[in-house]
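This is final-v1.pdb (PDB, C-alpha atoms).
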ATOM      1  CA  SER A   1     106.517 138.553  67.471
ATOM      2  CA  PHE A   2     104.264 135.487  67.338
ATOM      3  CA  PRO A   3     106.110 132.482  68.808
ATOM      4  CA  GLY A   4     104.999 129.104  67.510
ATOM      5  CA  GLY A   5     103.382 130.004  64.191
ATOM      6  CA  GLY A   6     104.584 133.361  62.929
ATOM      7  CA  ALA A   7     102.710 136.557  62.111
ATOM      8  CA  LYS A   8     100.317 134.953  59.617
ATOM      9  CA  ASN A   9      99.529 131.489  60.976
ATOM     10  CA  LEU A  10      99.884 132.235  64.738
ATOM     11  CA  VAL A  11     100.099 128.484  65.527
ATOM     12  CA  PRO A  12     102.125 125.581  64.030
ATOM     13  CA  LYS A  13     100.780 123.569  61.078
ATOM     14  CA  ASP A  14     100.588 120.294  63.008
ATOM     15  CA  THR A  15      99.528 120.490  66.634
ATOM     16  CA  LEU A  16      98.355 118.379  69.545
ATOM     17  CA  LEU A  17      95.582 119.830  71.717
ATOM     18  CA  ALA A  18      95.615 118.434  75.254
ATOM     19  CA  GLU A  19      92.742 118.928  77.681
ATOM     20  CA  GLN A  20      93.590 120.382  81.101
ATOM     21  CA  GLU A  21      91.893 120.011  84.476
ATOM     22  CA  PRO A  22      88.790 122.268  84.429
ATOM     23  CA  LYS A  23      88.664 125.225  86.833
ATOM     24  CA  TRP A  24      85.686 126.912  88.430
ATOM     25  CA  TRP A  25      85.915 129.780  85.934
ATOM     26  CA  GLY A  26      86.239 127.647  82.771
ATOM     27  CA  SER A  27      88.302 125.030  80.941
ATOM     28  CA  SER A  28      91.382 124.929  78.703
ATOM     29  CA  PHE A  29      93.361 123.031  76.061
ATOM     30  CA  VAL A  30      97.150 123.332  75.714
ATOM     31  CA  SER A  31      98.623 123.392  72.180
ATOM     32  CA  TYR A  32     101.825 121.404  71.449
ATOM     33  CA  PRO A  33     103.787 121.343  68.169
ATOM     34  CA  ALA A  34     103.681 117.896  66.530
ATOM     35  CA  ASP A  35     105.072 115.984  63.583
ATOM     36  CA  LYS A  36     103.110 114.259  60.804
ATOM     37  CA  ASP A  37     102.765 111.154  62.975
ATOM     38  CA  GLY A  38     101.095 113.083  65.790
ATOM     39  CA  GLN A  39     104.080 112.982  68.153
ATOM     40  CA  THR A  40     104.979 115.974  70.313
ATOM     41  CA  GLN A  41     107.908 118.001  69.012
ATOM     42  CA  GLY A  42     108.573 120.228  71.994
ATOM     43  CA  ALA A  43     107.017 122.329  74.711
ATOM     44  CA  SER A  44     103.612 123.927  74.286
ATOM     45  CA  THR A  45     103.235 127.031  72.136
ATOM     46  CA  GLY A  46     100.084 128.363  73.768
ATOM     47  CA  VAL A  47      96.780 127.606  75.462
ATOM     48  CA  TYR A  48      93.070 127.944  74.625
ATOM     49  CA  PHE A  49      90.851 129.276  77.427
ATOM     50  CA  ARG A  50      87.069 128.957  77.346
ATOM     51  CA  THR A  51      85.055 131.248  79.651
ATOM     52  CA  TRP A  52      81.361 132.007  79.999
ATOM     53  CA  GLY A  53      79.921 135.184  78.445
ATOM     54  CA  PRO A  54      77.323 135.980  80.193
ATOM     55  CA  LEU A  55      75.406 135.226  76.950
ATOM     56  CA  PHE A  56      77.779 132.787  75.242
ATOM     57  CA  TRP A  57      81.127 131.031  75.535
ATOM     58  CA  THR A  58      84.280 132.863  74.481
ATOM     59  CA  VAL A  59      87.496 131.065  73.530
ATOM     60  CA  THR A  60      90.802 132.948  73.471
ATOM     61  CA  TYR A  61      94.243 131.730  72.427
ATOM     62  CA  GLN A  62      97.174 132.910  74.520
ATOM     63  CA  ASP A  63     100.774 132.289  73.443
ATOM     64  CA  ILE A  64     103.764 131.505  75.665
ATOM     65  CA  VAL A  65     104.384 135.197  76.446
ATOM     66  CA  SER A  66     100.780 135.555  77.732
ATOM     67  CA  LYS A  67      99.693 137.476  74.649
ATOM     68  CA  GLU A  68      96.184 136.886  73.314
ATOM     69  CA  THR A  69      96.472 136.514  69.555
ATOM     70  CA  PHE A  70      93.000 135.438  68.374
ATOM     71  CA  VAL A  71      89.527 134.922  69.794
ATOM     72  CA  ILE A  72      86.521 132.701  68.966
ATOM     73  CA  ARG A  73      82.987 133.622  69.968
ATOM     74  CA  ASP A  74      79.397 132.741  69.068
ATOM     75  CA  LYS A  75      77.298 134.872  66.757
ATOM     76  CA  MET A  76      74.013 135.529  68.496
ATOM     77  CA  ILE A  77      71.471 136.104  65.719
ATOM     78  CA  HIS A  78      71.921 133.431  63.093
ATOM     79  CA  ILE A  79      70.278 130.269  61.765
ATOM     80  CA  GLY A  80      71.960 127.238  63.308
ATOM     81  CA  GLY A  81      75.395 127.297  64.864
ATOM     82  CA  SER A  82      77.641 130.190  63.951
ATOM     83  CA  HIS A  83      81.076 131.159  65.311
ATOM     84  CA  GLN A  84      83.367 134.071  64.531
ATOM     85  CA  ILE A  85      87.179 133.804  64.500
ATOM     86  CA  LYS A  86      89.298 136.941  64.411
ATOM     87  CA  ARG A  87      92.718 138.187  65.359
ATOM     88  CA  CYS A  88      93.071 140.294  68.491
ATOM     89  CA  ASP A  89      95.296 142.863  66.727
ATOM     90  CA  GLY A  90      92.566 143.624  64.170
ATOM     91  CA  ILE A  91      94.782 142.645  61.202
ATOM     92  CA  GLY A  92      93.423 140.458  58.421
ATOM     93  CA  PRO A  93      89.914 139.221  57.596
ATOM     94  CA  ILE A  94      87.299 137.865  59.985
ATOM     95  CA  TYR A  95      86.474 134.174  59.537
ATOM     96  CA  THR A  96      82.995 132.797  60.183
ATOM     97  CA  VAL A  97      82.046 129.139  60.612
ATOM     98  CA  GLN A  98      78.302 128.554  60.298
ATOM     99  CA  GLU A  99      75.695 125.894  59.469
ATOM    100  CA  GLY A 100      73.528 128.131  57.311
ATOM    101  CA  SER A 101      71.477 126.081  54.840
ATOM    102  CA  HIS A 102      72.919 122.815  56.244
ATOM    103  CA  VAL A 103      71.006 123.126  59.535
ATOM    104  CA  VAL A 104      68.094 120.818  58.594
ATOM    105  CA  MET A 105      70.260 118.145  57.005
ATOM    106  CA  ASN A 106      72.696 118.346  59.931
ATOM    107  CA  TRP A 107      69.808 117.622  62.291
ATOM    108  CA  ILE A 108      68.713 114.630  60.207
ATOM    109  CA  ARG A 109      72.270 113.282  59.913
ATOM    110  CA  SER A 110      72.775 113.548  63.692
ATOM    111  CA  LEU A 111      69.392 111.979  64.388
ATOM    112  CA  PHE A 112      70.241 108.848  62.391
ATOM    113  CA  GLY A 113      73.893 108.787  63.491
ATOM    114  CA  MET A 114      75.284 109.106  59.982
ATOM    115  CA  TYR A 115      79.020 108.934  59.382
ATOM    116  CA  ASN A 116      79.125 112.480  57.937
ATOM    117  CA  SER A 117      77.012 114.051  60.674
ATOM    118  CA  ARG A 118      77.534 117.828  60.337
ATOM    119  CA  VAL A 119      78.639 120.259  57.612
ATOM    120  CA  TYR A 120      79.692 123.872  58.177
ATOM    121  CA  ASN A 121      80.625 126.601  55.705
ATOM    122  CA  ILE A 122      83.725 128.710  56.384
ATOM    123  CA  TYR A 123      83.718 132.326  55.203
ATOM    124  CA  GLU A 124      86.590 134.767  54.839
ATOM    125  CA  ASP A 125      84.715 138.003  55.497
ATOM    126  CA  ASN A 126      81.803 137.462  53.059
ATOM    127  CA  THR A 127      83.471 134.945  50.748
ATOM    128  CA  MET A 128      82.992 131.211  51.215
ATOM    129  CA  VAL A 129      86.476 129.663  51.077
ATOM    130  CA  ALA A 130      86.102 126.225  52.709
ATOM    131  CA  VAL A 131      83.761 123.557  54.046
ATOM    132  CA  SER A 132      84.252 121.539  57.235
ATOM    133  CA  SER A 133      82.640 118.129  57.753
ATOM    134  CA  LYS A 134      82.329 116.308  61.056
ATOM    135  CA  LEU A 135      82.888 112.566  60.611
ATOM    136  CA  GLY A 136      82.463 109.549  62.840
ATOM    137  CA  GLY A 137      78.794 109.853  63.786
ATOM    138  CA  GLN A 138      78.042 109.931  67.505
ATOM    139  CA  GLN A 139      80.844 107.562  68.470
ATOM    140  CA  SER A 140      84.042 108.383  70.358
ATOM    141  CA  HIS A 141      86.196 108.358  67.175
ATOM    142  CA  LYS A 142      85.313 111.963  66.361
ATOM    143  CA  GLN A 143      87.117 113.612  63.463
ATOM    144  CA  MET A 144      86.769 116.480  61.027
ATOM    145  CA  VAL A 145      88.077 117.377  57.565
ATOM    146  CA  PHE A 146      88.456 120.741  55.818
ATOM    147  CA  ARG A 147      88.208 121.096  52.036
ATOM    148  CA  ARG A 148      87.602 123.733  49.384
ATOM    149  CA  PRO A 149      83.978 124.095  48.197
ATOM    150  CA  ASP A 150      84.915 122.812  44.720
ATOM    151  CA  ASP A 151      87.350 120.088  45.810
ATOM    152  CA  GLU A 152      86.699 116.765  47.544
ATOM    153  CA  ASN A 153      90.271 116.360  48.828
ATOM    154  CA  PRO A 154      90.867 117.842  52.297
ATOM    155  CA  PHE A 155      93.642 120.349  52.940
ATOM    156  CA  ALA A 156      93.396 119.940  56.732
ATOM    157  CA  SER A 157      92.020 117.416  59.206
ATOM    158  CA  CYS A 158      91.741 116.659  62.898
ATOM    159  CA  PHE A 159      90.688 113.722  65.062
ATOM    160  CA  LEU A 160      90.268 112.735  68.698
ATOM    161  CA  LYS A 161      93.516 110.875  69.296
ATOM    162  CA  SER A 162      93.048 109.826  72.923
ATOM    163  CA  ARG A 163      90.460 109.965  75.694
ATOM    164  CA  HIS A 164      92.995 109.001  78.372
ATOM    165  CA  PHE A 165      95.821 111.517  78.007
ATOM    166  CA  HIS A 166      97.503 111.547  81.437
ATOM    167  CA  GLY A 167      94.839 109.092  82.564
ATOM    168  CA  GLN A 168      91.618 110.990  81.989
ATOM    169  CA  PHE A 169      91.950 113.855  79.488
ATOM    170  CA  ASP A 170      91.186 114.215  75.771
ATOM    171  CA  GLN A 171      93.908 114.775  73.179
ATOM    172  CA  TRP A 172      93.333 115.964  69.592
ATOM    173  CA  PHE A 173      95.668 115.962  66.601
ATOM    174  CA  VAL A 174      95.372 118.741  63.982
ATOM    175  CA  GLU A 175      97.161 118.547  60.624
ATOM    176  CA  VAL A 176      97.264 121.395  58.050
ATOM    177  CA  LYS A 177      98.816 120.974  54.594
ATOM    178  CA  GLU A 178     101.005 123.473  52.766
ATOM    179  CA  ASP A 179      98.338 124.307  50.153
ATOM    180  CA  SER A 180      95.740 125.328  52.737
ATOM    181  CA  PRO A 181      93.713 128.422  51.771
ATOM    182  CA  LEU A 182      93.257 129.181  55.456
ATOM    183  CA  PRO A 183      95.879 130.286  57.989
ATOM    184  CA  ASN A 184      96.754 127.583  60.508
ATOM    185  CA  PHE A 185      94.864 129.169  63.375
ATOM    186  CA  VAL A 186      91.469 128.767  61.633
ATOM    187  CA  PRO A 187      91.418 124.902  61.427
ATOM    188  CA  ASN A 188      92.862 124.849  64.949
ATOM    189  CA  ALA A 189      90.134 127.197  66.177
ATOM    190  CA  VAL A 190      87.365 125.078  64.619
ATOM    191  CA  THR A 191      88.908 121.934  66.114
ATOM    192  CA  VAL A 192      89.127 123.398  69.594
ATOM    193  CA  LEU A 193      85.427 124.319  69.441
ATOM    194  CA  MET A 194      84.558 120.650  68.905
ATOM    195  CA  ALA A 195      87.164 119.612  71.503
ATOM    196  CA  PHE A 196      85.562 121.745  74.225
ATOM    197  CA  GLY A 197      82.087 120.422  73.366
ATOM    198  CA  THR A 198      83.260 116.804  73.370
ATOM    199  CA  ALA A 199      85.038 117.220  76.726
ATOM    200  CA  ALA A 200      81.894 118.744  78.242
ATOM    201  CA  GLN A 201      79.817 115.786  77.024
ATOM    202  CA  LYS A 202      82.305 113.383  78.554
ATOM    203  CA  SER A 203      82.231 115.219  81.892
ATOM    204  CA  ASN A 204      78.427 115.256  81.967
ATOM    205  CA  LYS A 205      78.283 111.542  81.161
ATOM    206  CA  GLU A 206      80.696 110.731  83.992
ATOM    207  CA  LYS A 207      78.590 112.785  86.410
ATOM    208  CA  ASN A 208      75.408 111.039  85.285
ATOM    209  CA  ASP A 209      77.042 107.613  85.620
ATOM    210  CA  GLU A 210      78.232 108.494  89.106
ATOM    211  CA  ALA A 211      74.771 109.727  90.073
ATOM    212  CA  ALA A 212      73.234 106.491  88.766
ATOM    213  CA  LYS A 213      75.419 104.502  91.177
ATOM    214  CA  THR A 214      74.322 106.414  94.279
ATOM    215  CA  ASP A 215      71.454 105.391  96.515
ATOM    216  CA  ASP A 216      68.166 107.061  95.551
ATOM    217  CA  ALA A 217      67.254 107.642  99.208
ATOM    218  CA  GLY A 218      70.198 109.739 100.351
ATOM    219  CA  PHE A 219      72.712 109.816  97.487
ATOM    220  CA  LEU A 220      75.288 108.733 100.050
ATOM    221  CA  GLU A 221      75.878 105.022  99.600
ATOM    222  CA  VAL A 222      77.283 103.712  96.354
ATOM    223  CA  LYS A 223      75.521 100.657  95.009
ATOM    224  CA  LYS A 224      77.694  97.571  94.840
ATOM    225  CA  THR A 225      78.365  96.211  91.389
ATOM    226  CA  ASP A 226      78.873  92.535  90.731
ATOM    227  CA  ASP A 227      82.322  92.701  89.200
ATOM    228  CA  LYS A 228      83.693  89.531  90.852
ATOM    229  CA  PRO A 229      84.930  86.677  88.637
ATOM    230  CA  ALA A 230      82.866  83.488  88.398
ATOM    231  CA  MET A 231      83.429  81.038  91.311
ATOM    232  CA  THR A 232      84.300  77.378  91.009
ATOM    233  CA  ALA A 233      81.998  74.686  92.423
ATOM    234  CA  GLU A 234      84.246  74.300  95.495
ATOM    235  CA  GLN A 235      84.298  78.055  96.108
ATOM    236  CA  ALA A 236      80.528  78.208  95.720
ATOM    237  CA  TRP A 237      80.092  75.373  98.272
ATOM    238  CA  THR A 238      82.464  77.100 100.717
ATOM    239  CA  ALA A 239      80.609  80.410 100.316
ATOM    240  CA  GLU A 240      77.293  78.641 100.928
ATOM    241  CA  GLN A 241      78.604  77.006 104.103
ATOM    242  CA  GLU A 242      79.945  80.334 105.339
ATOM    243  CA  ALA A 243      76.547  81.867 104.692
ATOM    244  CA  ILE A 244      74.756  79.047 106.570
ATOM    245  CA  ALA A 245      77.153  78.997 109.561
ATOM    246  CA  PRO A 246      75.959  82.265 111.207
ATOM    247  CA  ALA A 247      72.307  81.177 110.969
ATOM    248  CA  ALA A 248      73.091  77.760 112.508
ATOM    249  CA  GLU A 249      75.110  79.380 115.300
ATOM    250  CA  GLU A 250      72.285  81.799 116.039
ATOM    251  CA  GLU A 251      69.761  78.949 116.158
ATOM    252  CA  GLU A 252      72.033  77.030 118.538
ATOM    253  CA  GLN A 253      72.318  80.069 120.793
ATOM    254  CA  GLN A 254      68.534  80.369 120.853
ATOM    255  CA  GLN A 255      68.180  76.694 121.813
ATOM    256  CA  GLN A 256      70.731  76.856 124.671
ATOM    257  CA  PRO A 257      68.356  78.584 127.184
ATOM    258  CA  GLU A 258      65.677  75.965 126.482
ATOM    259  CA  VAL A 259      68.152  73.110 127.098
ATOM    260  CA  ALA A 260      69.404  74.732 130.312
ATOM    261  CA  LEU A 261      65.819  75.164 131.559
ATOM    262  CA  ALA A 262      65.034  71.524 130.796
ATOM    263  CA  GLU A 263      68.167  70.371 132.656
ATOM    264  CA  ALA A 264      67.310  72.570 135.644
ATOM    265  CA  SER A 265      63.756  71.166 135.893
ATOM    266  CA  GLN A 266      64.862  67.482 135.634
ATOM    267  CA  PRO A 267      65.631  66.960 139.419
ATOM    268  CA  ALA A 268      62.253  68.440 140.343
ATOM    269  CA  LYS A 269      60.533  66.045 137.973
ATOM    270  CA  GLU A 270      62.459  63.073 139.421
ATOM    271  CA  GLU A 271      61.581  64.113 142.998
ATOM    272  CA  ALA A 272      57.912  64.456 142.096
ATOM    273  CA  ALA A 273      57.946  60.994 140.492
ATOM    274  CA  ALA A 274      59.571  59.467 143.594
ATOM    275  CA  THR A 275      57.008  61.101 145.864
ATOM    276  CA  GLU A 276      54.202  59.812 143.711
ATOM    277  CA  THR A 277      55.671  56.274 143.796
ATOM    278  CA  GLU A 278      56.041  56.376 147.620
ATOM    279  CA  THR A 279      52.453  57.569 148.032
ATOM    280  CA  ALA A 280      51.194  54.748 145.835
ATOM    281  CA  ALA A 281      53.172  52.181 147.891
ATOM    282  CA  ASP A 282      51.732  53.512 151.197
ATOM    283  CA  ALA A 283      48.225  53.318 149.806
ATOM    284  CA  LYS A 284      48.775  49.715 148.705
ATOM    285  CA  ALA A 285      50.151  48.791 152.163
ATOM    286  CA  GLU A 286      47.076  50.230 153.854
ATOM    287  CA  ASP A 287      44.881  48.217 151.526
ATOM    288  CA  LEU A 288      46.718  44.983 152.452
ATOM    289  CA  LYS A 289      46.643  45.776 156.218
ATOM    290  CA  ALA A 290      42.861  46.262 156.423
ATOM    291  CA  PRO A 291      41.818  42.601 155.676
ATOM    292  CA  ALA A 292      44.352  41.296 158.202
ATOM    293  CA  VAL A 293      42.829  43.399 160.983
ATOM    294  CA  GLU A 294      39.349  42.193 160.119
ATOM    295  CA  SER A 295      40.469  38.521 160.216
ATOM    296  CA  GLU A 296      42.071  39.004 163.655
ATOM    297  CA  SER A 297      38.836  40.527 165.040
ATOM    298  CA  GLU A 298      36.765  37.627 163.785
ATOM    299  CA  ALA A 299      39.131  35.108 165.354
ATOM    300  CA  THR A 300      38.927  36.869 168.705
ATOM    301  CA  GLU A 301      35.140  36.880 168.630
ATOM    302  CA  ALA A 302      35.073  33.110 167.820
ATOM    303  CA  THR A 303      37.336  32.266 170.754
ATOM    304  CA  GLU A 304      35.234  34.263 173.163
ATOM    305  CA  ALA A 305      32.106  32.490 171.963
ATOM    306  CA  THR A 306      33.696  29.018 172.491
ATOM    307  CA  GLU A 307      34.795  29.908 175.986
ATOM    308  CA  ALA A 308      31.267  31.083 176.866
ATOM    309  CA  GLU A 309      29.709  27.833 175.726
ATOM    310  CA  ALA A 310      32.102  25.596 177.645
ATOM    311  CA  PRO A 311      30.575  26.173 181.210
ATOM    312  CA  LYS A 312      27.147  25.487 179.965
ATOM    313  CA  GLU A 313      28.065  22.019 178.870
ATOM    314  CA  ALA A 314      29.722  21.289 182.142
TER     315      ALA A 314
END
What is this structure when it is put down as structure tokens?
Amino acid sequence: SFPGGGAKNLVPKDTLLAEQEPKWWGSSFVSYPADKDGQTQGASTGVYFRTWGPLFWTVTYQDIVSKETFVIRDKMIHIGGSHQIKRCDGIGPIYTVQEGSHVVMNWIRSLFGMYNSRVYNIYEDNTMVAVSSKLGGQQSHKQMVFRRPDDENPFASCFLKSRHFHGQFDQWFVEVKEDSPLPNFVPNAVTVLMAFGTAAQKSNKEKNDEAAKTDDAGFLEVKKTDDKPAMTAEQAWTAEQEAIAPAAEEEEQQQQPEVALAEASQPAKEEAAATETETAADAKAEDLKAPAVESESEATEATEATEAEAPKEA
């Protein structure tokens, strides 16, 4: 039996593809049944696993009884991108999705970021039965439509519904109409190829953004980003004062030893000034004392001379 989609379609018509946490050996998307509004209608019906080759990626779908029902792999020798989708039981045709003659125009469309950026042909064995077009340019609103080669109206479509499923994972919605010329698993397989590529791009971008935030010297310190709201004039003044305060305190601490040294040397200066004043006073006293001594000597000599003359007169 083939739970979820039956023996022909293998998966439901409308599905949600939810990205899972990548493992060291590869990555995965879980498939949930959905309604026309893209709402989950029950538990998952299977899972897509992508593992490395060694030459290319291989995607396998495994249902809820751990049975692999179809596989998607790259075709090595081909112009442009080419992928092969086939059932694991060997029943039914092999489907091929390839760029073919669209490879040059696809490159030009992608280069200029056109809305219809890539076109692939879908073959059933060797017969071209459908065309898939990737829409949305290089933006996050990625989507894809499937139509017949001779009809402009799509019979199936898919789009990237969310980039934050369970917080960080991608979620895709796939819708297939009743008149589809392809079994349900083919549009789902093509969608999951784009889903894996888109998830890988997202992961690489996150890693590059994280690397850009690290310090170039040691890749250890994360650069600070200015994500603070704008400050009011009062808040700006307060922040400025807080920034000035440590510098003022440091300057004050540097001045304290100089003040203490000046205070300690003040008594010595006062003592030296007093000594100098006392010395000057002593010198002035000596200067005043010298004339007095000379006057006293002259008076004594005059008296002696008078006394010597007195007997002579007698």
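The space between CA of Asn121 (chain A) and CA of Asn9 (chain A) spans 20.2 Å.
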>> When the PyMOL selection byres ((chain A and resi 129) around 12) is applied to the structure above, which residues does it catch, written out as a ChimeraX atom specification?
In response: /A:95-97,120-128,130-132,146-151,155,180-183,186
> So what does the PyMOL selection byres ((chain A and resi 67) around 12) actually pick up in this one, as a ChimeraX atom specification?
Replying inline: /A:1-3,10,45-48,60-66,68-71,87-89
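With CA of Ile94 (chain A) on one side and CA of Met194 (chain A) on the other, the separation reads 19.6 Å.
With distances restricted to all atoms listed in the file, A:Ala18 is the closest residue to His166 (chain A) from A:Val11, A:Ala200, A:Ala18, A:Ala239.
Picked by the PyMOL selection byres ((chain A and resi 159-164) around 7) from the coordinates shown: His141, Lys142, Gln143, Met144, Cys158, Phe165, His166, Gly167, Gln168, Phe169, Asp170, Gln171, Trp172, Phe173 and Val174 of chain A.
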>> Residues near Ser28 (chain A), anyone? I mean within 10 Å using all atoms listed in the file, not counting same-chain ones fewer than 3 positions away, as a list in words.
In response: Leu17, Ala18, Glu19, Gln20, Glu21, Pro22, Lys23, Ser31, Val47, Tyr48, Phe49, Arg50, Thr51, Val59, Thr60, Tyr61, Val192, Ala195 and Phe196 of chain A
>> What does the structure give for the distance between CA of Pro154 (chain A) and CA of Gln201 (chain A), in Å to one decimal?
In response: 27.2 Å
>> as a PyMOL selection string, please: the residues near Tyr115 (chain A) (cut-off 12 Å, only C-alpha atoms, same-chain neighbours under 4 positions excluded).
In response: chain A and resi 106+108-111+119+133-139+141-144
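Minimum atom-to-atom distance to Val103 (chain A), evaluated using only C-alpha atoms, belongs to A:Arg118 out of A:Arg118, A:Ile91, A:Thr58, A:Asn184.
Proximity ranking of A:Gly92, A:Gly81, A:Glu276, A:Asn188 relative to Pro33 (chain A) places A:Asn188 first, based on all atoms listed in the file.
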>> When you count all atoms listed in the file, which of these residues is closest to Thr191 (chain A): A:Leu55, A:Thr15, A:Lys205, A:Asp35?
In response: A:Thr15
> From the list A:Glu152, A:Glu234, A:Glu99, A:Asp14, which residue is nearest Gly38 (chain A) when using all atoms listed in the file?
Replying inline: A:Asp14
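When all atoms listed in the file are used to compute distances to Ile85 (chain A), the closest of the residues A:Lys36, A:Arg73, A:Lys207, A:His102 turns out to be A:Arg73.
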Completion step: region 59-71 of chain A with N, CA, C and O atoms as an mmCIF file, in the frame of the given file:
data_model
loop_
_atom_site.group_PDB
_atom_site.id
_atom_site.type_symbol
_atom_site.label_atom_id
_atom_site.label_comp_id
_atom_site.auth_asym_id
_atom_site.auth_seq_id
_atom_site.Cartn_x
_atom_site.Cartn_y
_atom_site.Cartn_z
ATOM 1 N N VAL A 59 86.225 131.795 73.515
ATOM 2 C CA VAL A 59 87.496 131.065 73.530
ATOM 3 C C VAL A 59 88.600 132.008 73.059
ATOM 4 O O VAL A 59 88.481 132.634 72.001
ATOM 5 N N THR A 60 89.659 132.106 73.848
ATOM 6 C CA THR A 60 90.802 132.948 73.471
ATOM 7 C C THR A 60 92.068 132.098 73.448
ATOM 8 O O THR A 60 92.229 131.169 74.251
ATOM 9 N N TYR A 61 92.952 132.415 72.504
ATOM 10 C CA TYR A 61 94.243 131.730 72.427
ATOM 11 C C TYR A 61 95.317 132.662 72.967
ATOM 12 O O TYR A 61 95.419 133.823 72.564
ATOM 13 N N GLN A 62 96.117 132.124 73.881
ATOM 14 C CA GLN A 62 97.174 132.910 74.520
ATOM 15 C C GLN A 62 98.498 132.199 74.286
ATOM 16 O O GLN A 62 98.633 131.000 74.582
ATOM 17 N N ASP A 63 99.492 132.926 73.744
ATOM 18 C CA ASP A 63 100.774 132.289 73.443
ATOM 19 C C ASP A 63 101.646 132.207 74.686
ATOM 20 O O ASP A 63 101.207 132.560 75.800
ATOM 21 N N ILE A 64 102.903 131.782 74.501
ATOM 22 C CA ILE A 64 103.764 131.505 75.665
ATOM 23 C C ILE A 64 104.247 132.769 76.373
ATOM 24 O O ILE A 64 104.821 132.682 77.471
ATOM 25 N N VAL A 65 104.030 133.945 75.772
ATOM 26 C CA VAL A 65 104.384 135.197 76.446
ATOM 27 C C VAL A 65 103.126 135.888 76.971
ATOM 28 O O VAL A 65 103.106 137.102 77.197
ATOM 29 N N SER A 66 102.043 135.087 77.164
ATOM 30 C CA SER A 66 100.780 135.555 77.732
ATOM 31 C C SER A 66 100.109 136.630 76.882
ATOM 32 O O SER A 66 99.421 137.516 77.398
ATOM 33 N N LYS A 67 100.311 136.525 75.571
ATOM 34 C CA LYS A 67 99.693 137.476 74.649
ATOM 35 C C LYS A 67 98.530 136.799 73.940
ATOM 36 O O LYS A 67 98.682 135.739 73.333
ATOM 37 N N GLU A 68 97.346 137.420 74.004
ATOM 38 C CA GLU A 68 96.184 136.886 73.314
ATOM 39 C C GLU A 68 96.258 137.269 71.844
ATOM 40 O O GLU A 68 96.311 138.449 71.508
ATOM 41 N N THR A 69 96.257 136.247 70.982
ATOM 42 C CA THR A 69 96.472 136.514 69.555
ATOM 43 C C THR A 69 95.212 136.383 68.707
ATOM 44 O O THR A 69 95.079 137.076 67.702
ATOM 45 N N PHE A 70 94.280 135.492 69.085
ATOM 46 C CA PHE A 70 93.000 135.438 68.374
ATOM 47 C C PHE A 70 91.907 134.946 69.319
ATOM 48 O O PHE A 70 92.180 134.352 70.365
ATOM 49 N N VAL A 71 90.674 135.210 68.939
ATOM 50 C CA VAL A 71 89.527 134.922 69.794
ATOM 51 C C VAL A 71 88.435 134.260 68.967
ATOM 52 O O VAL A 71 88.291 134.522 67.760
#
